[in-house]
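What's in work05.cif: mmCIF, C-alpha atoms
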```cif
data_protein
loop_
_atom_site.label_atom_id
_atom_site.label_comp_id
_atom_site.auth_asym_id
_atom_site.auth_seq_id
_atom_site.Cartn_x
_atom_site.Cartn_y
_atom_site.Cartn_z
CA MET A 815 -34.24 4.94 0.59
CA ILE A 816 -32.48 3.01 3.37
CA PRO A 817 -34.60 0.11 4.65
CA GLU A 818 -35.87 0.86 8.15
CA GLU A 819 -34.33 -2.29 9.58
CA SER A 820 -30.86 -1.18 8.39
CA ALA A 821 -31.03 1.90 10.61
CA SER A 822 -32.50 0.08 13.61
CA VAL A 823 -30.70 0.23 16.96
CA HIS A 824 -31.95 -3.28 17.72
CA ASP A 825 -29.05 -5.16 16.15
CA GLU A 826 -28.38 -7.75 18.84
CA HIS A 827 -29.09 -10.56 16.36
CA LEU A 828 -26.15 -9.32 14.24
CA ILE A 829 -23.52 -8.54 16.87
CA GLU A 830 -20.37 -10.64 17.31
CA VAL A 831 -18.97 -10.72 20.86
CA PHE A 832 -15.25 -10.57 21.64
CA GLU A 833 -13.80 -13.64 23.36
CA SER A 834 -9.99 -13.48 23.07
CA ARG A 835 -7.18 -11.82 21.10
CA GLU A 836 -3.81 -12.70 19.60
CA GLU A 837 -1.39 -10.13 18.16
CA LEU A 838 0.03 -11.33 14.86
CA LEU A 839 2.15 -8.31 13.92
CA GLN A 840 3.15 -4.93 15.33
CA GLY A 841 4.45 -2.80 12.50
CA LYS A 842 5.59 0.82 12.31
CA PHE A 843 2.03 2.11 12.50
CA LEU A 844 -0.16 -0.89 11.62
CA ARG A 845 -1.05 -3.73 13.96
CA VAL A 846 -2.52 -7.07 12.85
CA LEU A 847 -4.78 -8.91 15.29
CA ARG A 848 -6.65 -12.20 15.37
CA ASP A 849 -9.74 -12.19 17.58
CA VAL A 850 -11.96 -15.08 18.55
CA VAL A 851 -15.59 -13.95 18.56
CA LYS A 852 -18.89 -15.53 19.49
CA LEU A 853 -21.38 -15.36 16.61
CA PRO A 854 -25.07 -14.58 17.09
CA ASN A 855 -25.82 -18.32 16.84
CA GLY A 856 -23.39 -19.09 19.68
CA HIS A 857 -20.64 -20.58 17.51
CA LEU A 858 -17.04 -19.31 17.63
CA ALA A 859 -15.15 -17.79 14.69
CA THR A 860 -11.90 -15.92 14.09
CA ARG A 861 -11.57 -12.39 12.75
CA GLU A 862 -8.20 -11.18 11.47
CA PHE A 863 -7.92 -7.43 10.99
CA VAL A 864 -5.59 -4.45 10.84
CA THR A 865 -5.78 -1.57 13.30
CA HIS A 866 -5.13 1.87 11.80
CA PRO A 867 -4.82 5.31 13.47
CA GLY A 868 -7.28 6.92 11.04
CA ALA A 869 -6.76 9.40 8.23
CA VAL A 870 -8.13 12.43 6.45
CA MET A 871 -8.78 13.23 2.80
CA ILE A 872 -9.11 16.71 1.33
CA VAL A 873 -11.03 17.83 -1.76
CA PRO A 874 -9.24 21.11 -2.63
CA MET A 875 -11.05 23.34 -5.13
CA THR A 876 -9.35 26.21 -6.95
CA ASP A 877 -11.09 29.50 -7.69
CA ASP A 878 -11.48 28.51 -11.36
CA GLY A 879 -13.27 25.26 -10.45
CA ARG A 880 -10.44 22.76 -10.82
CA LEU A 881 -9.41 20.16 -8.26
CA VAL A 882 -5.98 19.78 -6.71
CA MET A 883 -5.10 16.09 -6.96
CA GLU A 884 -2.07 13.84 -6.79
CA ARG A 885 -0.48 11.06 -8.78
CA GLN A 886 1.24 8.62 -6.47
CA TYR A 887 2.72 5.13 -6.75
CA ARG A 888 1.14 2.61 -4.38
CA TYR A 889 3.49 -0.27 -3.78
CA PRO A 890 1.01 -3.01 -2.67
CA VAL A 891 -0.75 -2.90 -6.06
CA GLN A 892 2.30 -1.74 -8.10
CA GLN A 893 0.45 1.13 -9.77
CA VAL A 894 0.32 4.93 -9.97
CA PHE A 895 -3.05 6.27 -8.81
CA LEU A 896 -4.87 9.58 -9.22
CA GLU A 897 -6.02 10.55 -5.73
CA PHE A 898 -7.15 13.42 -3.58
CA PRO A 899 -4.61 14.50 -0.95
CA ALA A 900 -4.81 12.36 2.17
CA GLY A 901 -2.78 11.19 5.11
CA LYS A 902 -2.89 9.46 8.45
CA LEU A 903 -3.45 11.10 11.82
CA ASP A 904 -0.50 11.69 14.09
CA ALA A 905 -0.91 10.69 17.74
CA GLY A 906 -3.15 13.21 19.53
CA GLU A 907 -3.84 15.19 16.36
CA SER A 908 -7.35 16.41 15.52
CA VAL A 909 -8.79 15.51 12.13
CA PHE A 910 -8.98 19.19 11.13
CA ASP A 911 -5.38 19.87 12.08
CA CYS A 912 -4.40 16.77 10.13
CA ALA A 913 -6.34 17.97 7.09
CA LYS A 914 -4.62 21.35 7.11
CA ARG A 915 -1.21 19.77 7.63
CA GLU A 916 -1.58 17.14 4.91
CA LEU A 917 -2.86 19.64 2.34
CA LEU A 918 0.14 21.90 2.93
CA GLU A 919 2.73 19.14 3.16
CA GLU A 920 1.62 17.23 0.08
CA THR A 921 0.47 20.01 -2.26
CA GLY A 922 1.91 23.26 -0.92
CA TYR A 923 -1.58 24.77 -0.72
CA SER A 924 -3.29 26.27 2.30
CA ALA A 925 -6.99 27.15 2.37
CA THR A 926 -9.05 29.97 3.88
CA GLU A 927 -12.35 28.03 3.86
CA TRP A 928 -12.98 24.51 5.09
CA ALA A 929 -16.01 22.23 5.37
CA ARG A 930 -16.25 18.74 6.83
CA ALA A 931 -18.18 16.45 4.50
CA GLY A 932 -18.38 13.10 6.27
CA LEU A 933 -16.73 9.87 7.26
CA LEU A 934 -15.54 6.95 5.14
CA HIS A 935 -14.70 3.40 6.25
CA PRO A 936 -12.73 2.09 3.25
CA THR A 937 -12.09 -1.52 4.29
CA ILE A 938 -14.67 -2.54 6.89
CA SER A 939 -14.08 -6.28 6.54
CA TYR A 940 -10.43 -6.26 7.65
CA SER A 941 -9.40 -2.86 9.02
CA THR A 942 -10.40 -0.28 11.63
CA GLU A 943 -9.34 2.53 9.29
CA PHE A 944 -11.58 5.57 8.93
CA ILE A 945 -11.07 8.56 6.65
CA ASP A 946 -12.51 11.96 7.52
CA ILE A 947 -13.54 13.84 4.36
CA TRP A 948 -12.91 17.60 4.11
CA PHE A 949 -13.47 20.17 1.35
CA ALA A 950 -11.17 23.19 1.02
CA ARG A 951 -11.37 26.34 -1.06
CA GLY A 952 -9.83 29.81 -1.09
CA LEU A 953 -6.53 28.12 -1.88
CA ARG A 954 -3.18 29.84 -1.59
CA ALA A 955 -0.12 28.29 -3.20
CA GLY A 956 2.99 27.69 -1.14
CA ILE A 957 5.86 25.25 -0.75
CA ARG A 958 5.38 21.52 -0.29
CA LYS A 959 6.94 19.78 2.70
CA LEU A 960 7.10 16.16 1.62
CA ASP A 961 8.67 13.48 3.80
CA ASP A 962 11.91 12.00 2.50
CA SER A 963 10.01 8.83 1.53
CA GLU A 964 7.18 10.63 -0.33
CA PHE A 965 7.22 11.01 -4.10
CA LEU A 966 4.10 12.40 -5.80
CA ASP A 967 3.03 14.79 -8.54
CA VAL A 968 0.45 17.50 -7.89
CA VAL A 969 -1.98 17.97 -10.79
CA LEU A 970 -5.01 20.17 -11.49
CA VAL A 971 -8.01 18.23 -12.78
CA SER A 972 -11.42 19.47 -13.87
CA PRO A 973 -14.50 17.81 -12.35
CA ALA A 974 -15.40 16.54 -15.83
CA GLU A 975 -12.00 14.90 -16.22
CA LEU A 976 -12.34 13.28 -12.80
CA LEU A 977 -15.78 11.93 -13.62
CA GLN A 978 -14.53 10.53 -16.91
CA GLY A 979 -11.70 8.80 -15.06
CA CYS A 980 -14.20 7.23 -12.65
CA PHE A 981 -16.33 6.09 -15.57
CA ASP A 982 -13.56 4.58 -17.69
CA GLY A 983 -11.76 2.88 -14.80
CA THR A 984 -8.74 5.17 -14.69
CA VAL A 985 -9.70 6.26 -11.17
CA THR A 986 -10.18 3.24 -8.90
CA ASP A 987 -8.99 4.53 -5.52
CA ALA A 988 -11.89 4.00 -3.09
CA LYS A 989 -11.53 7.24 -1.16
CA THR A 990 -11.31 9.27 -4.37
CA LEU A 991 -14.42 7.58 -5.77
CA THR A 992 -16.25 8.42 -2.54
CA ALA A 993 -15.06 12.03 -2.67
CA THR A 994 -16.27 12.27 -6.25
CA LEU A 995 -19.76 11.25 -5.12
CA TRP A 996 -19.65 14.02 -2.53
CA LEU A 997 -18.36 16.51 -5.11
CA GLN A 998 -21.14 15.69 -7.56
CA ASN A 999 -23.84 16.20 -4.96
CA VAL A 1000 -22.29 19.36 -3.55
CA GLN A 1001 -21.97 20.91 -7.00
CA ALA A 1002 -25.55 19.89 -7.83
CA GLY A 1003 -26.78 21.57 -4.66
CA ALA A 1004 -28.18 18.32 -3.26
CA TRP A 1005 -25.72 18.13 -0.35
CA ILE A 1006 -24.97 21.35 1.55
CA LEU A 1007 -21.63 21.93 3.25
CA ASP A 1008 -21.13 24.14 6.30
CA TRP A 1009 -18.16 26.27 5.25
CA GLN A 1010 -15.96 27.87 7.91
CA THR A 1011 -13.43 30.63 7.35
CA VAL A 1012 -9.95 29.92 8.69
CA ARG A 1013 -7.14 32.41 9.10
CA VAL A 1014 -4.05 31.50 7.11
CA GLY A 1015 -0.57 32.68 7.96
#
```

Show me this structure written as structure tokens.
Amino acid sequence: MIPEESASVHDEHLIEVFESREELLQGKFLRVLRDVVKLPNGHLATREFVTHPGAVMIVPMTDDGRLVMERQYRYPVQQVFLEFPAGKLDAGESVFDCAKRELLEETGYSATEWARAGLLHPTISYSTEFIDIWFARGLRAGIRKLDDSEFLDVVLVSPAELLQGCFDGTVTDAKTLTATLWLQNVQAGAWILDWQTVRVG
């Protein structure tokens, strides 16, 4: 149970107030900022963080109960990770349109049923990034449309295999761990999704 004070709207004693900003880096789609903020005790401090356009993640489920996942090399940590399909929002794009696009581009699958699960903030201490979590079923196989700079393998994984990977440390990607929590609770009937039928084609 969440402590009542954690959900309180009276958080003035916790809020940091913006004072000034310096841009440290403007990259291709990431921007690094350094803000000066006033702390609740009146002192000043700096906060360095990355701005991010936001992203989506999809949990695609086949008719036989397996999960469509990806194996992809992540350069910053020099490692291949098992992940659910995901990708960043394009300018002006809705999260649902992004989810449909990323699923098709990365895996070749389209889906006839979709349900939004929730929202994830993966790195709240140094980034504005959010990830919208979607479930997809009624999958239809098609042709992938990867970018020239994308290299990934699409794999089918059972929920039991995914859980074992989370347990033994094979799966360490934060968004995939969060999606696995959602998957467990959805399959157990504890968390109910509002499925919507979508025309494909």

Select from range 852-893 of chain A every residue with an atom at most 7 Å from any atom of range 927-940 of chain A, then for each give the shortest pair of atoms and their distance in Å to one decimal, using only C-alpha atoms, rows by chain and rising number, as a tab-separated table.
```
residue	atom	partner	partner_atom	distance
A:Glu862	CA	A:Tyr940	CA	6.6
A:Phe863	CA	A:Tyr940	CA	4.3
A:Val864	CA	A:Tyr940	CA	6.1
```

Exercise. List the residues selected by the PyMOL selection byres ((chain A and resi 833) around 10) in the file shown, writing them as JSON, numbers by chain.
Key: {"A": [830, 831, 832, 834, 835, 849, 850, 851, 852, 858, 859, 860]}

Self-check item: Residue nearest Asp878 in chain A - candidates A:Thr865, A:Leu970, A:His857, A:Ser941, atoms counted: all atoms listed in the file
Solution: A:Leu970

Quiz item: What do you get, as an MDAnalysis selection string, if you spell out every residue that the PyMOL selection byres ((chain A and resi 847) around 6) selects here?
Solution: chainID A and resid 836:838 846 848 862:863

Writing out the chosen residues with C-alpha atoms as a short mmCIF file (atom, residue, chain, number, x, y, z; two decimals), keeping the file's coordinate frame:
```
data_model
loop_
_atom_site.label_atom_id
_atom_site.label_comp_id
_atom_site.auth_asym_id
_atom_site.auth_seq_id
_atom_site.Cartn_x
_atom_site.Cartn_y
_atom_site.Cartn_z
CA GLU A 836 -3.81 -12.70 19.60
CA GLU A 837 -1.39 -10.13 18.16
CA LEU A 838 0.03 -11.33 14.86
CA VAL A 846 -2.52 -7.07 12.85
CA ARG A 848 -6.65 -12.20 15.37
CA GLU A 862 -8.20 -11.18 11.47
CA PHE A 863 -7.92 -7.43 10.99
#
```

Practice problem: Write out as a PyMOL selection string which residues come within 12 Å of Val1000 in chain A when counting all atoms listed in the file, dropping same-chain ones fewer than 5 positions away. | Solution: chain A and resi 873+929+931+949+973+993-995+1005-1009

Quiz item: From the list A:Thr1011, A:Gln840, A:Leu997, A:Val985, which residue is nearest Gln893 in chain A when using only C-alpha atoms?
Solution: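 Ranked by minimum distance to Gln893 in chain A, first place goes to A:Val985.
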
Quiz item: So which residues touch Thr990 in chain A within 10 Å, counting all atoms listed in the file, skipping near sequence neighbours fewer than 3 positions away, as a VMD selection string?
Solution: chain A and resid 871 to 873 883 895 to 900 976 980 985 to 987 993 to 996

Practice problem: Measuring atom to atom with only C-alpha atoms, identify which of A:Asp967, A:Leu917, A:Asp946, A:Asp904 is nearest to Glu884 in chain A. | Solution: A:Asp967

Practice problem: Show which residues sit within 8 Å of Gly956 in chain A, as a ChimeraX atom specification. Count all atoms listed in the file, and ignore same-chain residues fewer than 4 positions away. | Solution: /A:918,922-924

Quiz item: CA of Val870 in chain A and CA of Ser972 in chain A are how many Å apart?
Solution: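 Atom-to-atom, CA of Val870 in chain A and CA of Ser972 in chain A are spaced 21.8 Å apart.
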
Exercise. State, in Å with one decimal place, the distance from CA of Ala955 in chain A to CA of Leu991 in chain A.
Key: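 Taking CA of Ala955 in chain A and CA of Leu991 in chain A, their separation equals 25.3 Å.
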
Practice problem: Give me, please, the distance in Å between CA of Leu853 in chain A and CA of His827 in chain A, quoted to one decimal. | Solution: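 For CA of Leu853 in chain A relative to CA of His827 in chain A, the distance reads 9.1 Å.
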
Quiz prompt | Closest of A:Gly979, A:Gln892, A:Ala974, A:Thr942 to Arg845 in chain A - atom-to-atom distances counting all atoms listed in the file | solution =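 Looking only at the distances to Arg845 in chain A, the closest residue turns out to be A:Thr942.
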